[in-house]
file final_29.cif (mmCIF, C-alpha atoms and all ligand atoms)
data_start
loop_
_atom_site.group_PDB
_atom_site.id
_atom_site.type_symbol
_atom_site.label_atom_id
_atom_site.label_comp_id
_atom_site.auth_asym_id
_atom_site.auth_seq_id
_atom_site.Cartn_x
_atom_site.Cartn_y
_atom_site.Cartn_z
ATOM 1 C CA MET A 1 28.061 -66.217 38.873
ATOM 2 C CA THR A 2 26.739 -66.459 35.315
ATOM 3 C CA GLU A 3 28.266 -69.222 33.183
ATOM 4 C CA GLN A 4 27.035 -67.879 29.884
ATOM 5 C CA CYS A 5 25.837 -64.525 28.599
ATOM 6 C CA ALA A 6 22.116 -64.098 29.308
ATOM 7 C CA PHE A 7 22.003 -61.428 26.595
ATOM 8 C CA CYS A 8 23.532 -63.202 23.557
ATOM 9 C CA GLY A 9 24.157 -66.789 24.745
ATOM 10 C CA ASN A 10 27.960 -66.635 24.256
ATOM 11 C CA LYS A 11 29.810 -68.913 26.704
ATOM 12 C CA HIS A 12 33.076 -66.973 26.965
ATOM 13 C CA LEU A 13 33.029 -64.485 29.822
ATOM 14 C CA THR A 14 36.319 -62.869 30.876
ATOM 15 C CA PRO A 15 37.083 -61.527 34.382
ATOM 16 C CA LYS A 16 37.779 -57.782 34.142
ATOM 17 C CA THR A 17 37.544 -54.623 36.153
ATOM 18 C CA THR A 18 35.396 -51.743 35.000
ATOM 19 C CA ARG A 19 33.996 -48.354 35.959
ATOM 20 C CA TYR A 20 30.535 -48.665 37.527
ATOM 21 C CA LEU A 21 27.999 -45.844 37.624
ATOM 22 C CA HIS A 22 25.604 -46.148 40.575
ATOM 23 C CA GLN A 23 22.496 -43.986 40.899
ATOM 24 C CA HIS A 24 20.864 -43.156 44.238
ATOM 25 C CA ASP A 25 17.895 -40.799 43.769
ATOM 26 C CA GLU A 26 19.426 -37.889 41.798
ATOM 27 C CA GLN A 27 22.958 -38.589 42.990
ATOM 28 C CA LEU A 28 25.562 -40.507 41.032
ATOM 29 C CA LEU A 29 28.603 -42.377 42.294
ATOM 30 C CA ILE A 30 31.387 -43.513 39.963
ATOM 31 C CA VAL A 31 33.276 -46.533 41.290
ATOM 32 C CA GLU A 32 36.572 -47.411 39.591
ATOM 33 C CA GLY A 33 38.099 -50.871 39.328
ATOM 34 C CA VAL A 34 34.936 -52.884 39.991
ATOM 35 C CA PRO A 35 35.372 -56.627 39.297
ATOM 36 C CA CYS A 36 32.977 -58.136 36.747
ATOM 37 C CA LEU A 37 32.683 -60.810 34.078
ATOM 38 C CA GLU A 38 32.451 -59.385 30.560
ATOM 39 C CA CYS A 39 31.006 -61.215 27.545
ATOM 40 C CA ASP A 40 33.712 -61.543 24.860
ATOM 41 C CA PHE A 41 31.082 -61.257 22.134
ATOM 42 C CA CYS A 42 28.616 -58.483 23.061
ATOM 43 C CA GLY A 43 30.404 -56.765 25.969
ATOM 44 C CA GLU A 44 27.568 -57.264 28.462
ATOM 45 C CA GLN A 45 28.942 -57.111 32.008
ATOM 46 C CA TYR A 46 27.930 -59.254 34.996
ATOM 47 C CA PHE A 47 28.528 -58.339 38.632
ATOM 48 C CA GLU A 48 28.431 -60.430 41.810
ATOM 49 C CA ILE A 49 25.429 -59.456 43.923
ATOM 50 C CA ASP A 50 27.812 -58.944 46.862
ATOM 51 C CA VAL A 51 29.820 -56.389 44.840
ATOM 52 C CA LEU A 52 26.638 -54.454 43.999
ATOM 53 C CA LYS A 53 25.474 -54.522 47.617
ATOM 54 C CA ARG A 54 28.816 -53.119 48.792
ATOM 55 C CA ILE A 55 28.615 -50.282 46.241
ATOM 56 C CA GLU A 56 25.023 -49.531 47.267
ATOM 57 C CA ALA A 57 25.956 -49.414 50.974
ATOM 58 C CA ASP A 58 28.978 -47.212 50.272
ATOM 59 C CA HIS A 59 26.870 -44.802 48.223
ATOM 60 C CA ARG A 60 24.276 -44.620 50.987
ATOM 61 C CA GLU A 61 26.984 -43.643 53.488
ATOM 62 C CA ILE A 62 28.285 -40.937 51.140
ATOM 63 C CA ALA A 63 24.752 -39.640 50.437
ATOM 64 C CA GLU A 64 24.097 -39.400 54.184
ATOM 65 C CA HIS A 65 27.447 -37.645 54.751
ATOM 66 C CA ARG A 66 28.721 -40.450 56.952
ATOM 67 C CA ARG A 67 31.683 -40.963 54.644
ATOM 68 C CA GLU A 68 33.746 -38.869 52.203
ATOM 69 C CA PRO A 69 34.411 -40.241 48.696
ATOM 70 C CA ALA A 70 37.994 -40.412 47.366
ATOM 71 C CA ARG A 71 37.357 -37.387 45.134
ATOM 72 C CA TYR A 72 34.720 -35.366 43.281
ATOM 73 C CA VAL A 73 34.533 -34.690 39.529
ATOM 74 C CA SER A 74 32.353 -32.234 37.615
ATOM 75 C CA VAL A 75 30.098 -33.828 35.016
ATOM 76 C CA ALA A 76 28.615 -32.265 31.872
ATOM 77 C CA VAL A 77 24.944 -33.087 31.194
ATOM 78 C CA GLU A 78 23.161 -32.869 27.836
ATOM 79 C CA ALA A 79 19.631 -33.646 26.582
ATOM 80 C CA PHE A 80 19.815 -35.712 23.385
ATOM 81 C CA ASP A 81 17.506 -33.168 21.683
ATOM 82 C CA SER A 82 20.257 -30.590 21.952
ATOM 83 C CA VAL A 83 23.103 -32.919 20.864
ATOM 84 C CA ARG A 84 24.368 -31.941 17.420
HETATM 85 ZN ZN ZN A 101 26.981 -61.572 25.277
#
call {"tool": "encode", "arguments": {"input": "final_29.cif", "output": "structure tokens"}}
result
Amino acid sequence: MTEQCAFCGNKHLTPKTTRYLHQHDEQLLIVEGVPCLECDFCGEQYFEIDVLKRIEADHREIAEHRREPARYVSVAVEAFDSVR
């Protein structure tokens, strides 16, 4: 795991859990409570490769209808051009 922030160079990274948005083709999966290290200075988040692989595998199973997710949400989509 990263010992210092690759983005800003800060050495203080705090273990946290966060919401992770994974994209697979046009499909999105929101995963809650994902462990990460977050930079105290700039907020950049770092994930263990194993964590990302598990999310990717889970999303593949859902996309191929081999597994049901915990729940579905509806998501609003906007183009920035039309944002007031
Ligand atoms: Zn940083």
call {"tool": "closest_residue", "arguments": {"input": "final_29.cif", "among": "A:Phe7, A:Cys42, A:Val51, A:Leu37", "to": "His22 in chain A", "atoms": "all atoms listed in the file"}}
result
A:Val51
call {"tool": "resolve_selection", "arguments": {"input": "final_29.cif", "expression": "the PyMOL selection byres (((chain A and resi 59) around 10) and not hetatm)", "output": "PyMOL selection string"}}
result
chain A and resi 22-24+27-31+53-58+60-69
call {"tool": "resolve_selection", "arguments": {"input": "final_29.cif", "expression": "the PyMOL selection byres (((chain A and resi 35) around 6) and not hetatm)", "output": "ChimeraX atom specification"}}
result
/A:16-17,34,36
call {"tool": "closest_residue", "arguments": {"input": "final_29.cif", "among": "A:Leu21, A:Ala76, A:Val83, A:Cys39", "to": "ligand ZN 101 (chain A)", "atoms": "only C-alpha atoms and all ligand atoms"}}
result
A:Cys39
call {"tool": "closest_residue", "arguments": {"input": "final_29.cif", "among": "A:Phe41, A:Arg19, A:Tyr72, A:Asp25", "to": "ligand ZN 101 (chain A)", "atoms": "only C-alpha atoms and all ligand atoms"}}
result
A:Phe41
call {"tool": "resolve_selection", "arguments": {"input": "final_29.cif", "expression": "the PyMOL selection byres (((not hetatm)) within 12 of (chain A and resi 101))", "output": "mmCIF file with C-alpha atoms, keeping the file's coordinate frame"}}
result
data_model
loop_
_atom_site.group_PDB
_atom_site.id
_atom_site.type_symbol
_atom_site.label_atom_id
_atom_site.label_comp_id
_atom_site.auth_asym_id
_atom_site.auth_seq_id
_atom_site.Cartn_x
_atom_site.Cartn_y
_atom_site.Cartn_z
ATOM 1 C CA THR A 2 26.739 -66.459 35.315
ATOM 2 C CA GLU A 3 28.266 -69.222 33.183
ATOM 3 C CA GLN A 4 27.035 -67.879 29.884
ATOM 4 C CA CYS A 5 25.837 -64.525 28.599
ATOM 5 C CA ALA A 6 22.116 -64.098 29.308
ATOM 6 C CA PHE A 7 22.003 -61.428 26.595
ATOM 7 C CA CYS A 8 23.532 -63.202 23.557
ATOM 8 C CA GLY A 9 24.157 -66.789 24.745
ATOM 9 C CA ASN A 10 27.960 -66.635 24.256
ATOM 10 C CA LYS A 11 29.810 -68.913 26.704
ATOM 11 C CA HIS A 12 33.076 -66.973 26.965
ATOM 12 C CA LEU A 13 33.029 -64.485 29.822
ATOM 13 C CA THR A 14 36.319 -62.869 30.876
ATOM 14 C CA LEU A 37 32.683 -60.810 34.078
ATOM 15 C CA GLU A 38 32.451 -59.385 30.560
ATOM 16 C CA CYS A 39 31.006 -61.215 27.545
ATOM 17 C CA ASP A 40 33.712 -61.543 24.860
ATOM 18 C CA PHE A 41 31.082 -61.257 22.134
ATOM 19 C CA CYS A 42 28.616 -58.483 23.061
ATOM 20 C CA GLY A 43 30.404 -56.765 25.969
ATOM 21 C CA GLU A 44 27.568 -57.264 28.462
ATOM 22 C CA GLN A 45 28.942 -57.111 32.008
ATOM 23 C CA TYR A 46 27.930 -59.254 34.996
#
call {"tool": "atom_distance", "arguments": {"input": "final_29.cif", "atom1": "CA of Tyr20 in chain A", "atom2": "CA of Val77 in chain A"}}
result
17.7 Å
